[in-house]
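A.B. asks: This one is my_file_14.cif, mmCIF, C-alpha atoms and all ligand atoms.
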```cif
data_target
loop_
_atom_site.label_atom_id
_atom_site.label_comp_id
_atom_site.auth_asym_id
_atom_site.auth_seq_id
_atom_site.Cartn_x
_atom_site.Cartn_y
_atom_site.Cartn_z
CA MET A 1 244.49 68.14 13.33
CA LYS A 2 243.58 64.44 13.52
CA SER A 3 246.94 63.39 12.08
CA GLN A 4 248.78 65.56 14.64
CA ILE A 5 246.77 63.93 17.44
CA GLU A 6 247.56 60.46 16.03
CA ARG A 7 251.27 61.21 15.81
CA LEU A 8 251.50 62.60 19.36
CA LYS A 9 249.46 59.70 20.70
CA LYS A 10 251.99 57.21 19.31
CA GLU A 11 255.00 59.27 20.38
CA LYS A 12 253.77 59.60 23.97
CA ASN A 13 252.01 56.22 24.33
CA ALA A 14 248.72 58.00 24.99
CA VAL A 15 245.20 56.64 24.65
CA ILE A 16 242.00 58.63 24.13
CA LEU A 17 238.82 57.60 25.93
CA ALA A 18 235.53 59.32 25.12
CA HIS A 19 232.02 59.12 26.52
CA TYR A 20 229.05 58.74 24.15
CA TYR A 21 228.04 62.33 25.04
CA ALA A 22 231.28 63.82 23.66
CA PRO A 23 230.98 65.62 20.28
CA ALA A 24 230.89 63.31 17.22
CA GLU A 25 234.35 64.30 15.94
CA VAL A 26 235.83 63.50 19.36
CA GLN A 27 234.19 60.05 19.43
CA GLU A 28 235.57 59.51 15.93
CA ALA A 29 239.12 60.37 17.07
CA ALA A 30 238.98 58.30 20.27
CA ASP A 31 240.50 54.84 20.77
CA TYR A 32 237.67 53.76 23.05
CA VAL A 33 234.13 55.14 23.25
CA GLY A 34 231.55 53.94 25.72
CA ASP A 35 229.37 54.44 28.76
CA SER A 36 230.86 55.25 32.13
CA PHE A 37 231.13 51.61 33.23
CA TYR A 38 232.93 50.51 30.06
CA LEU A 39 235.30 53.47 30.26
CA ALA A 40 236.15 52.73 33.91
CA LYS A 41 236.99 49.13 32.93
CA ILE A 42 239.10 50.26 29.97
CA ALA A 43 240.95 52.80 32.13
CA LYS A 44 241.74 50.04 34.64
CA GLN A 45 243.14 47.74 31.93
CA SER A 46 245.10 50.39 30.04
CA THR A 47 248.84 50.00 29.43
CA ALA A 48 249.23 53.56 28.10
CA ASP A 49 251.38 56.12 29.93
CA ILE A 50 248.85 58.90 29.35
CA ILE A 51 245.06 58.64 29.39
CA VAL A 52 243.23 61.54 27.72
CA PHE A 53 239.71 61.39 29.14
CA CYS A 54 237.05 63.14 27.05
CA GLY A 55 234.22 63.26 29.53
CA VAL A 56 233.48 65.13 32.73
CA TYR A 57 235.65 65.44 35.83
CA PHE A 58 234.32 62.48 37.85
CA MET A 59 235.20 60.21 34.91
CA GLY A 60 238.80 61.45 34.73
CA GLU A 61 238.99 61.24 38.52
CA SER A 62 237.78 57.60 38.51
CA ALA A 63 240.38 56.77 35.83
CA LYS A 64 243.07 58.38 38.00
CA LEU A 65 241.93 56.48 41.12
CA LEU A 66 242.21 53.22 39.17
CA ASN A 67 245.60 54.24 37.67
CA PRO A 68 247.52 56.24 40.28
CA ASP A 69 250.80 55.94 38.35
CA LYS A 70 249.46 57.18 35.01
CA LYS A 71 248.95 60.71 33.80
CA VAL A 72 245.23 61.32 33.32
CA LEU A 73 244.59 64.46 31.30
CA MET A 74 241.32 66.16 30.48
CA PRO A 75 240.94 68.28 27.33
CA GLU A 76 238.97 70.76 29.44
CA ILE A 77 239.59 70.41 33.18
CA THR A 78 236.51 72.49 34.06
CA ALA A 79 234.14 69.99 32.36
CA ASP A 80 232.14 68.91 35.38
CA CYS A 81 228.94 67.02 36.18
CA PRO A 82 226.79 69.19 38.45
CA MET A 83 225.09 66.09 39.88
CA ALA A 84 228.45 64.79 41.17
CA HIS A 85 228.22 67.38 43.99
CA MET A 86 224.55 66.85 44.91
CA ALA A 87 224.97 64.84 48.11
CA SER A 88 226.33 65.82 51.49
CA GLU A 89 228.80 64.08 53.79
CA GLU A 90 226.72 65.19 56.79
CA THR A 91 223.63 63.39 55.46
CA ILE A 92 225.68 60.22 54.87
CA ASP A 93 226.93 60.36 58.50
CA LYS A 94 223.37 60.94 59.75
CA MET A 95 222.04 57.95 57.77
CA ARG A 96 224.82 55.69 59.05
CA LYS A 97 223.83 56.57 62.64
CA GLN A 98 220.17 55.86 61.85
CA TYR A 99 220.63 52.37 60.26
CA ASP A 100 223.09 49.79 61.64
CA ASP A 101 223.32 47.79 58.42
CA LEU A 102 223.35 50.73 55.99
CA ALA A 103 225.17 50.44 52.65
CA VAL A 104 225.91 53.77 50.99
CA VAL A 105 225.64 53.15 47.24
CA CYS A 106 227.25 55.88 45.21
CA TYR A 107 226.47 56.47 41.55
CA ILE A 108 229.85 56.91 39.82
CA ASN A 109 228.65 60.44 38.88
CA SER A 110 230.00 61.77 42.19
CA THR A 111 233.10 63.47 43.60
CA ALA A 112 236.01 61.39 44.96
CA LYS A 113 235.16 62.79 48.41
CA LEU A 114 231.62 61.36 48.24
CA LYS A 115 232.99 58.05 46.94
CA SER A 116 235.36 57.92 49.92
CA LYS A 117 232.32 58.06 52.24
CA SER A 118 230.53 55.25 50.36
CA ASP A 119 230.57 51.44 50.39
CA VAL A 120 230.21 50.70 46.71
CA CYS A 121 229.95 52.59 43.42
CA VAL A 122 227.52 51.77 40.62
CA THR A 123 226.87 53.02 37.12
CA SER A 124 223.55 53.11 35.31
CA SER A 125 224.40 49.80 33.60
CA ASN A 126 225.14 47.78 36.75
CA ALA A 127 223.23 49.51 39.59
CA VAL A 128 220.37 46.98 39.77
CA LYS A 129 222.72 43.98 39.70
CA ILE A 130 225.01 45.43 42.39
CA VAL A 131 222.26 46.58 44.75
CA LYS A 132 220.65 43.11 44.48
CA ALA A 133 223.98 41.47 45.34
CA LEU A 134 224.51 43.50 48.56
CA PRO A 135 223.68 41.70 51.82
CA ASN A 136 222.35 44.97 53.35
CA LYS A 137 218.61 45.62 53.59
CA ASN A 138 218.97 49.40 54.01
CA ILE A 139 220.57 51.31 51.17
CA PHE A 140 221.26 55.04 50.94
CA PHE A 141 221.52 55.77 47.23
CA ILE A 142 223.45 58.95 46.31
CA PRO A 143 223.39 61.36 44.51
CA ASP A 144 220.73 60.64 41.84
CA LYS A 145 217.16 60.29 43.08
CA ASN A 146 215.97 59.20 39.64
CA LEU A 147 218.40 56.30 39.18
CA GLY A 148 217.81 55.47 42.87
CA ARG A 149 214.04 55.30 42.37
CA PHE A 150 214.46 53.19 39.23
CA VAL A 151 216.69 50.74 41.17
CA ALA A 152 214.22 50.67 44.08
CA GLU A 153 211.45 49.60 41.68
CA GLN A 154 213.61 46.74 40.35
CA VAL A 155 214.74 45.62 43.82
CA PRO A 156 211.59 45.88 46.00
CA GLU A 157 213.07 43.63 48.71
CA LYS A 158 215.43 46.45 49.80
CA ASN A 159 214.69 49.67 51.67
CA ILE A 160 216.26 52.23 49.34
CA ILE A 161 216.52 55.72 50.79
CA LEU A 162 216.72 58.39 48.11
CA ASN A 163 218.86 61.53 48.08
CA ASP A 164 217.71 64.80 46.56
CA GLY A 165 220.05 65.06 43.56
CA CYS A 166 219.47 64.73 39.84
CA CYS A 167 220.96 65.40 36.43
CA PRO A 168 219.76 68.85 35.32
CA ILE A 169 219.90 67.77 31.67
CA HIS A 170 217.73 64.65 32.00
CA ALA A 171 215.43 66.29 34.56
CA LYS A 172 214.61 68.99 31.99
CA ILE A 173 212.95 66.49 29.63
CA THR A 174 209.20 66.88 30.13
CA ALA A 175 206.31 64.49 29.45
CA GLU A 176 204.83 67.16 27.18
CA GLN A 177 207.99 67.30 25.02
CA LEU A 178 208.00 63.51 24.83
CA LYS A 179 204.30 63.30 23.95
CA ASN A 180 204.80 65.93 21.21
CA GLU A 181 207.55 63.81 19.68
CA LYS A 182 205.47 60.64 20.00
CA ALA A 183 202.56 62.39 18.24
CA LYS A 184 204.90 63.15 15.30
CA HIS A 185 206.28 59.58 15.24
CA PRO A 186 203.59 57.28 16.67
CA ALA A 187 205.44 54.07 15.71
CA ALA A 188 208.67 55.08 17.42
CA LYS A 189 209.83 53.18 20.50
CA ILE A 190 210.81 55.36 23.46
CA LEU A 191 214.25 54.53 24.91
CA SER A 192 215.26 56.41 28.07
CA HIS A 193 218.15 56.79 30.46
CA PRO A 194 217.26 56.07 34.13
CA GLU A 195 218.39 59.60 35.05
CA CYS A 196 215.06 60.82 33.58
CA GLU A 197 212.14 61.71 35.86
CA ALA A 198 209.51 59.07 36.79
CA ASP A 199 206.88 60.30 34.30
CA ILE A 200 209.32 59.96 31.39
CA LEU A 201 210.34 56.45 32.47
CA GLY A 202 206.64 55.57 32.82
CA LEU A 203 206.09 56.43 29.14
CA SER A 204 209.19 54.51 27.98
CA ASP A 205 209.44 51.17 26.16
CA TYR A 206 212.97 50.57 27.38
CA ILE A 207 215.16 52.03 30.16
CA GLY A 208 218.94 51.63 30.22
CA SER A 209 222.38 53.22 30.25
CA THR A 210 223.72 54.90 27.12
CA ALA A 211 225.41 51.64 26.07
CA ASP A 212 222.21 49.67 26.80
CA ILE A 213 220.12 52.10 24.72
CA ILE A 214 222.57 51.78 21.82
CA ALA A 215 222.54 47.96 22.04
CA TYR A 216 218.72 47.88 22.29
CA ALA A 217 218.25 50.08 19.20
CA ALA A 218 220.58 47.85 17.14
CA LYS A 219 218.77 44.63 18.15
CA SER A 220 215.22 45.97 17.95
CA GLU A 221 213.00 45.21 14.98
CA SER A 222 211.64 48.75 15.14
CA ASP A 223 213.18 51.30 12.85
CA GLU A 224 212.17 54.51 14.64
CA PHE A 225 213.10 55.59 18.16
CA ILE A 226 212.65 58.57 20.45
CA ILE A 227 215.78 58.84 22.58
CA CYS A 228 215.49 60.39 26.05
CA THR A 229 219.10 61.05 26.88
CA GLU A 230 221.88 63.44 25.87
CA ASP A 231 222.01 63.73 22.09
CA GLY A 232 225.73 62.81 21.83
CA VAL A 233 224.56 59.17 21.59
CA ASN A 234 223.21 60.03 18.14
CA TYR A 235 226.65 59.61 16.53
CA LYS A 236 226.90 55.94 17.51
CA LEU A 237 223.19 55.30 16.87
CA ILE A 238 223.28 56.55 13.28
CA THR A 239 226.68 54.98 12.56
CA ASP A 240 225.48 51.55 13.70
CA ASN A 241 221.98 51.84 12.23
CA PRO A 242 222.05 53.87 9.00
CA ASN A 243 218.54 52.71 8.07
CA LYS A 244 216.89 53.57 11.36
CA ARG A 245 215.58 56.97 12.50
CA PHE A 246 216.30 58.60 15.85
CA TYR A 247 214.35 61.50 17.32
CA TYR A 248 214.85 63.52 20.50
CA PRO A 249 212.59 65.61 22.71
CA GLU A 250 212.76 69.28 21.63
CA PRO A 251 214.96 71.03 22.60
CA HIS A 252 217.51 68.22 22.32
CA PRO A 253 218.98 67.26 25.70
CA CYS A 254 222.55 68.60 25.61
CA CYS A 255 225.21 68.47 28.35
CA ALA A 256 227.29 71.63 27.81
CA ASP A 257 230.13 70.24 29.95
CA MET A 258 230.51 67.16 27.75
CA LYS A 259 230.64 69.41 24.68
CA LEU A 260 233.72 71.19 26.07
CA ASN A 261 235.72 68.22 24.75
CA THR A 262 236.91 69.41 21.33
CA LEU A 263 239.61 68.21 18.92
CA GLU A 264 241.51 71.48 19.52
CA ALA A 265 241.45 70.86 23.27
CA ILE A 266 242.62 67.24 22.81
CA LEU A 267 245.56 68.32 20.65
CA SER A 268 246.53 71.06 23.07
CA VAL A 269 246.39 68.77 26.11
CA ILE A 270 248.51 66.03 24.49
CA GLN A 271 251.04 68.65 23.40
CA ALA A 272 251.31 70.43 26.74
CA GLU A 273 250.49 67.51 29.05
CA ASN A 274 248.57 69.95 31.25
CA ASN A 275 245.07 69.66 32.78
CA GLU A 276 246.23 66.70 34.82
CA VAL A 277 243.68 65.08 37.14
CA SER A 278 244.87 64.62 40.71
CA VAL A 279 243.25 63.08 43.75
CA ASP A 280 243.99 64.24 47.26
CA GLU A 281 246.10 61.58 49.02
CA SER A 282 243.88 61.75 52.14
CA ILE A 283 240.86 60.38 50.22
CA ARG A 284 242.56 58.30 47.51
CA THR A 285 242.34 54.86 49.16
CA GLY A 286 238.87 55.53 50.55
CA ALA A 287 237.55 56.56 47.12
CA LEU A 288 239.23 53.67 45.30
CA LEU A 289 237.68 50.92 47.46
CA PRO A 290 234.04 51.43 46.35
CA LEU A 291 235.17 51.66 42.71
CA GLU A 292 237.06 48.37 42.99
CA LYS A 293 234.11 46.78 44.74
CA MET A 294 231.92 47.84 41.82
CA LEU A 295 234.29 46.25 39.29
CA GLU A 296 234.29 43.05 41.38
CA LEU A 297 230.51 42.82 41.94
CA ALA A 298 229.65 43.69 38.33
CA LYS A 299 231.67 40.77 36.92
P1 LIG B 301 226.15 56.21 31.39
O1 LIG B 301 226.30 55.43 32.67
O2 LIG B 301 225.07 55.67 30.54
O3 LIG B 301 227.45 56.37 30.73
O4 LIG B 301 225.65 57.67 31.78
C1 LIG B 301 226.51 58.60 32.35
C2 LIG B 301 225.89 59.90 32.45
O5 LIG B 301 226.50 60.88 32.79
C3 LIG B 301 224.49 60.01 32.14
O6 LIG B 301 224.09 61.34 32.21
FE1 LIG B 302 226.23 64.87 34.56
FE2 LIG B 302 223.86 64.97 33.41
FE3 LIG B 302 226.01 65.74 32.03
FE4 LIG B 302 225.58 63.14 32.61
S1 LIG B 302 224.34 64.46 31.28
S2 LIG B 302 227.50 64.27 32.81
S3 LIG B 302 224.67 63.30 34.64
S4 LIG B 302 225.14 66.72 33.88
#
```
Would it be possible to restate this file's structure as structure tokens?

C.D. replies:
Amino acid sequence: MKSQIERLKKEKNAVILAHYYAPAEVQEAADYVGDSFYLAKIAKQSTADIIVFCGVYFMGESAKLLNPDKKVLMPEITADCPMAHMASEETIDKMRKQYDDLAVVCYINSTAKLKSKSDVCVTSSNAVKIVKALPNKNIFFIPDKNLGRFVAEQVPEKNIILNDGCCPIHAKITAEQLKNEKAKHPAAKILSHPECEADILGLSDYIGSTADIIAYAAKSESDEFIICTEDGVNYKLITDNPNKRFYYPEPHPCCADMKLNTLEAILSVIQAENNEVSVDESIRTGALLPLEKMLELAK
């Protein structure tokens, strides 16, 4: 199947992008693997005619916004991030009326519609830097309350208003699960994604995006880690660090939507060129602006 994918990729000038949460065999077959910020940058720079995006819908949608003339295909078009819908346009309008200088900061894990109502996008690897760089004192951070709270702690000079959304996968990790794992591996360092709840972050030795966690584990002198994020990162962690050990809270955090990206689905989508991502023309420009502002401010 891999050789068929390779052949079709060359024939059609297609490129495969995969998030670190995609299944191992998909990461292995991809041309580029990374966190959501890296993948947005790669999508923007791509010279391919077809981008096959192995992630969830907001990722494919962001790639399409940045590349309106390219075909962006998703192996499984229903792969979605529930958190991307957890903010409301009405609340954004209400906040804008309440604060004259409000900046609406939108985590990239959001629908194009929500992006079109926002001033700037961020990802977990650049949110602190971008919020610090904004001239606005009042920030409405959507949709993730956990990343928002983490940013607020790092940027105390701003008034960051939180929204009631979160990642159901990261929010399910409990302090009890983490403490159980720590009891089994007392020397292990705890590395967590900022989408985790406050008590998990409070117990952590390091907090960062998937790419930051992977970079930290490689540089660290420790050889045992408890990883509080989706277990798809394990493929890269064990490939880069064959002598280190990685443990996860039980049950392992697993994003079912990310796991819909299979080799079979990739082959089928390159063959049929179906499952094309499209963005409604009425919101396209409005949703692109905050993404471009993110790429500019994160430089
Ligand atoms: P990253 O920004 O680390 O890629 O995380 C994206 C995500 O969906 C986390 O759940
Ligand atoms: Fe969305 Fe959570 Fe899945 Fe990331 S892990 S894509 S935030 S549901």

A.B. asks: What separation in Å, quoted to one decimal, exists between atom CA of Ala183 of chain A and atom CA of Phe246 of chain A?

C.D. replies: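 Atom CA of Phe246 of chain A lies at a distance of 14.5 Å from atom CA of Ala183 of chain A.
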
A.B. asks: Any residue with an atom at most 9 Å from ligand LIG 302 (chain B) counts, using all atoms listed in the file. Which are they? Put them as a PyMOL selection string.

C.D. replies: chain A and resi 21+55-59+79-84+109+144+166-171+195+229-230+253-258

A.B. asks: Would you save the residues of that selection, restricted to C-alpha atoms, as a PDB file, in the coordinates of the input?

C.D. replies:
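Okay, this is what ended up in part_12.pdb:
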```pdb
ATOM      1  CA  TYR A  21     228.040  62.330  25.040  1.00  0.00           C
ATOM      2  CA  GLY A  55     234.220  63.260  29.530  1.00  0.00           C
ATOM      3  CA  VAL A  56     233.480  65.130  32.730  1.00  0.00           C
ATOM      4  CA  TYR A  57     235.650  65.440  35.830  1.00  0.00           C
ATOM      5  CA  PHE A  58     234.320  62.480  37.850  1.00  0.00           C
ATOM      6  CA  MET A  59     235.200  60.210  34.910  1.00  0.00           C
ATOM      7  CA  ALA A  79     234.140  69.990  32.360  1.00  0.00           C
ATOM      8  CA  ASP A  80     232.140  68.910  35.380  1.00  0.00           C
ATOM      9  CA  CYS A  81     228.940  67.020  36.180  1.00  0.00           C
ATOM     10  CA  PRO A  82     226.790  69.190  38.450  1.00  0.00           C
ATOM     11  CA  MET A  83     225.090  66.090  39.880  1.00  0.00           C
ATOM     12  CA  ALA A  84     228.450  64.790  41.170  1.00  0.00           C
ATOM     13  CA  ASN A 109     228.650  60.440  38.880  1.00  0.00           C
ATOM     14  CA  ASP A 144     220.730  60.640  41.840  1.00  0.00           C
ATOM     15  CA  CYS A 166     219.470  64.730  39.840  1.00  0.00           C
ATOM     16  CA  CYS A 167     220.960  65.400  36.430  1.00  0.00           C
ATOM     17  CA  PRO A 168     219.760  68.850  35.320  1.00  0.00           C
ATOM     18  CA  ILE A 169     219.900  67.770  31.670  1.00  0.00           C
ATOM     19  CA  HIS A 170     217.730  64.650  32.000  1.00  0.00           C
ATOM     20  CA  ALA A 171     215.430  66.290  34.560  1.00  0.00           C
ATOM     21  CA  GLU A 195     218.390  59.600  35.050  1.00  0.00           C
ATOM     22  CA  THR A 229     219.100  61.050  26.880  1.00  0.00           C
ATOM     23  CA  GLU A 230     221.880  63.440  25.870  1.00  0.00           C
ATOM     24  CA  PRO A 253     218.980  67.260  25.700  1.00  0.00           C
ATOM     25  CA  CYS A 254     222.550  68.600  25.610  1.00  0.00           C
ATOM     26  CA  CYS A 255     225.210  68.470  28.350  1.00  0.00           C
ATOM     27  CA  ALA A 256     227.290  71.630  27.810  1.00  0.00           C
ATOM     28  CA  ASP A 257     230.130  70.240  29.950  1.00  0.00           C
ATOM     29  CA  MET A 258     230.510  67.160  27.750  1.00  0.00           C
TER      30      MET A 258
END
```

A.B. asks: Could you check the closest approach to ligand LIG 301 (chain B) for each of A:Glu25, A:Glu221, A:Asp35, A:Glu89 and tell me which residue wins, using all atoms listed in the file?

C.D. replies: A:Asp35

A.B. asks: Choose the residue, out of A:Ile270, A:Thr262, A:Leu191, A:Asp240, that has the smallest atom-to-atom separation from Ile227 of chain A; count all atoms listed in the file.

C.D. replies: A:Leu191

A.B. asks: Report, in Å with one decimal, the straight-line distance from atom CA of Gln177 of chain A to atom CA of Asp205 of chain A.

C.D. replies: 16.2 Å

A.B. asks: One decimal, in Å: what's the spacing between atom CA of Cys196 of chain A and atom CA of Asn234 of chain A?

C.D. replies: 17.5 Å

A.B. asks: At a cut-off of 7 Å, using all atoms listed in the file, what residues contact Pro290 of chain A? Leave out same-chain residues fewer than 6 positions from it and give the result as number ranges by chain.

C.D. replies: A: 115, 118-121

A.B. asks: Compare A:Asp49, A:Leu291, A:His252, A:Ala43 by their minimum atom-to-atom distance to Cys106 of chain A, counting all atoms listed in the file, and give me the closest one.

C.D. replies: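 The answer is A:Leu291, which sits nearest to Cys106 of chain A.
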
A.B. asks: Could you tell me which of A:Ala211, A:Ala30, A:Ile42, A:Met1 comes closest to ligand LIG 301 (chain B) if we count only C-alpha atoms and all ligand atoms?

C.D. replies: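 Going through A:Ala211, A:Ala30, A:Ile42, A:Met1 one by one, the smallest distance to ligand LIG 301 (chain B) is for A:Ala211.
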
A.B. asks: Would you pick out the contacts of Ala298 of chain A at 12 Å or less, using all atoms listed in the file, so that residues sharing its chain but fewer than 4 positions from it are not included, and give the list as a list in words?

C.D. replies: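 What passes the distance filter is Phe37, Tyr38, Ala40, Lys41, Val120, Cys121, Val122, Thr123, Ser124, Ser125, Asn126, Ala127, Val128, Lys129, Ile130, Val131, Lys132, Ala133, Leu134, Pro290, Leu291, Glu292, Lys293 and Met294 of chain A.
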
A.B. asks: Which residue is closest to ligand LIG 301 (chain B)? Choose from A:Glu250, A:Glu296, A:Asp231, A:Asp69 and count all atoms listed in the file.

C.D. replies: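 Under the stated criterion, the closest residue is A:Asp231.
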
A.B. asks: Identify which of the residues A:Val279, A:Ile213, A:Leu17, A:Ala287 lies closest to ligand LIG 301 (chain B), counting all atoms listed in the file when measuring atom-to-atom distances.

C.D. replies: A:Ile213

A.B. asks: For segment 45-48 of chain A, work out the shell of residues within 7 Å, counting all atoms listed in the file and skipping chain neighbours fewer than 6 positions away, then give it as an MDAnalysis selection string.

C.D. replies: chainID A and resid 13:15

A.B. asks: So which residues touch Lys9 of chain A within 12 Å, counting all atoms listed in the file, skipping near sequence neighbours fewer than 2 positions away, as a PDB file with C-alpha atoms, in the frame of the given file?

C.D. replies:
```pdb
ATOM      1  CA  LYS A   2     243.580  64.440  13.520  1.00  0.00           C
ATOM      2  CA  SER A   3     246.940  63.390  12.080  1.00  0.00           C
ATOM      3  CA  GLN A   4     248.780  65.560  14.640  1.00  0.00           C
ATOM      4  CA  ILE A   5     246.770  63.930  17.440  1.00  0.00           C
ATOM      5  CA  GLU A   6     247.560  60.460  16.030  1.00  0.00           C
ATOM      6  CA  ARG A   7     251.270  61.210  15.810  1.00  0.00           C
ATOM      7  CA  GLU A  11     255.000  59.270  20.380  1.00  0.00           C
ATOM      8  CA  LYS A  12     253.770  59.600  23.970  1.00  0.00           C
ATOM      9  CA  ASN A  13     252.010  56.220  24.330  1.00  0.00           C
ATOM     10  CA  ALA A  14     248.720  58.000  24.990  1.00  0.00           C
ATOM     11  CA  VAL A  15     245.200  56.640  24.650  1.00  0.00           C
ATOM     12  CA  ILE A  16     242.000  58.630  24.130  1.00  0.00           C
ATOM     13  CA  ALA A  29     239.120  60.370  17.070  1.00  0.00           C
ATOM     14  CA  ALA A  30     238.980  58.300  20.270  1.00  0.00           C
ATOM     15  CA  ASP A  31     240.500  54.840  20.770  1.00  0.00           C
ATOM     16  CA  ALA A  48     249.230  53.560  28.100  1.00  0.00           C
ATOM     17  CA  ASP A  49     251.380  56.120  29.930  1.00  0.00           C
ATOM     18  CA  ILE A  50     248.850  58.900  29.350  1.00  0.00           C
ATOM     19  CA  ILE A  51     245.060  58.640  29.390  1.00  0.00           C
ATOM     20  CA  VAL A  52     243.230  61.540  27.720  1.00  0.00           C
ATOM     21  CA  ILE A 266     242.620  67.240  22.810  1.00  0.00           C
ATOM     22  CA  LEU A 267     245.560  68.320  20.650  1.00  0.00           C
ATOM     23  CA  SER A 268     246.530  71.060  23.070  1.00  0.00           C
ATOM     24  CA  VAL A 269     246.390  68.770  26.110  1.00  0.00           C
ATOM     25  CA  ILE A 270     248.510  66.030  24.490  1.00  0.00           C
ATOM     26  CA  GLN A 271     251.040  68.650  23.400  1.00  0.00           C
ATOM     27  CA  GLU A 273     250.490  67.510  29.050  1.00  0.00           C
TER      28      GLU A 273
END
```

A.B. asks: Identify, on the basis of all atoms listed in the file, every residue whose closest approach to Asn180 of chain A does not exceed 12 Å; exclude the query and any residue fewer than 3 positions from it along the same chain; express the result as a list in words.

C.D. replies: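 Surrounding residues, per the criterion: Ile173, Thr174, Ala175, Glu176, Gln177, Ala183, Lys184, His185, Pro186, Ile226, Tyr247, Tyr248, Pro249, Glu250 and Pro251 of chain A.
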
A.B. asks: Would you fill out segment 94-105 of chain A with N, CA, C and O atoms and return it as a PDB file, in the frame of the given file?

C.D. replies:
```pdb
ATOM      1  N   LYS A  94     224.661  61.022  59.025  1.00  0.00           N
ATOM      2  CA  LYS A  94     223.370  60.940  59.750  1.00  0.00           C
ATOM      3  C   LYS A  94     222.677  59.604  59.446  1.00  0.00           C
ATOM      4  O   LYS A  94     222.194  58.921  60.337  1.00  0.00           O
ATOM      5  N   MET A  95     222.685  59.211  58.173  1.00  0.00           N
ATOM      6  CA  MET A  95     222.040  57.950  57.770  1.00  0.00           C
ATOM      7  C   MET A  95     222.744  56.755  58.408  1.00  0.00           C
ATOM      8  O   MET A  95     222.107  55.803  58.814  1.00  0.00           O
ATOM      9  N   ARG A  96     224.063  56.815  58.459  1.00  0.00           N
ATOM     10  CA  ARG A  96     224.820  55.690  59.050  1.00  0.00           C
ATOM     11  C   ARG A  96     224.461  55.517  60.524  1.00  0.00           C
ATOM     12  O   ARG A  96     224.405  54.401  61.029  1.00  0.00           O
ATOM     13  N   LYS A  97     224.212  56.647  61.210  1.00  0.00           N
ATOM     14  CA  LYS A  97     223.830  56.570  62.640  1.00  0.00           C
ATOM     15  C   LYS A  97     222.424  55.971  62.770  1.00  0.00           C
ATOM     16  O   LYS A  97     222.122  55.270  63.718  1.00  0.00           O
ATOM     17  N   GLN A  98     221.578  56.269  61.777  1.00  0.00           N
ATOM     18  CA  GLN A  98     220.170  55.860  61.850  1.00  0.00           C
ATOM     19  C   GLN A  98     219.978  54.365  61.565  1.00  0.00           C
ATOM     20  O   GLN A  98     219.092  53.743  62.115  1.00  0.00           O
ATOM     21  N   TYR A  99     220.787  53.781  60.664  1.00  0.00           N
ATOM     22  CA  TYR A  99     220.630  52.370  60.260  1.00  0.00           C
ATOM     23  C   TYR A  99     221.936  51.622  60.498  1.00  0.00           C
ATOM     24  O   TYR A  99     222.966  51.957  59.895  1.00  0.00           O
ATOM     25  N   ASP A 100     221.879  50.570  61.316  1.00  0.00           N
ATOM     26  CA  ASP A 100     223.090  49.790  61.640  1.00  0.00           C
ATOM     27  C   ASP A 100     223.694  49.107  60.420  1.00  0.00           C
ATOM     28  O   ASP A 100     224.914  48.986  60.305  1.00  0.00           O
ATOM     29  N   ASP A 101     222.819  48.617  59.534  1.00  0.00           N
ATOM     30  CA  ASP A 101     223.320  47.790  58.420  1.00  0.00           C
ATOM     31  C   ASP A 101     223.383  48.580  57.110  1.00  0.00           C
ATOM     32  O   ASP A 101     223.358  47.999  56.031  1.00  0.00           O
ATOM     33  N   LEU A 102     223.477  49.910  57.209  1.00  0.00           N
ATOM     34  CA  LEU A 102     223.350  50.730  55.990  1.00  0.00           C
ATOM     35  C   LEU A 102     224.506  50.510  55.000  1.00  0.00           C
ATOM     36  O   LEU A 102     225.670  50.475  55.395  1.00  0.00           O
ATOM     37  N   ALA A 103     224.156  50.369  53.719  1.00  0.00           N
ATOM     38  CA  ALA A 103     225.170  50.440  52.650  1.00  0.00           C
ATOM     39  C   ALA A 103     224.951  51.754  51.910  1.00  0.00           C
ATOM     40  O   ALA A 103     223.829  52.060  51.491  1.00  0.00           O
ATOM     41  N   VAL A 104     226.010  52.533  51.781  1.00  0.00           N
ATOM     42  CA  VAL A 104     225.910  53.770  50.990  1.00  0.00           C
ATOM     43  C   VAL A 104     226.345  53.408  49.565  1.00  0.00           C
ATOM     44  O   VAL A 104     227.489  53.018  49.324  1.00  0.00           O
ATOM     45  N   VAL A 105     225.393  53.499  48.647  1.00  0.00           N
ATOM     46  CA  VAL A 105     225.640  53.150  47.240  1.00  0.00           C
ATOM     47  C   VAL A 105     225.767  54.449  46.463  1.00  0.00           C
ATOM     48  O   VAL A 105     224.859  55.284  46.456  1.00  0.00           O
TER      49      VAL A 105
END
```
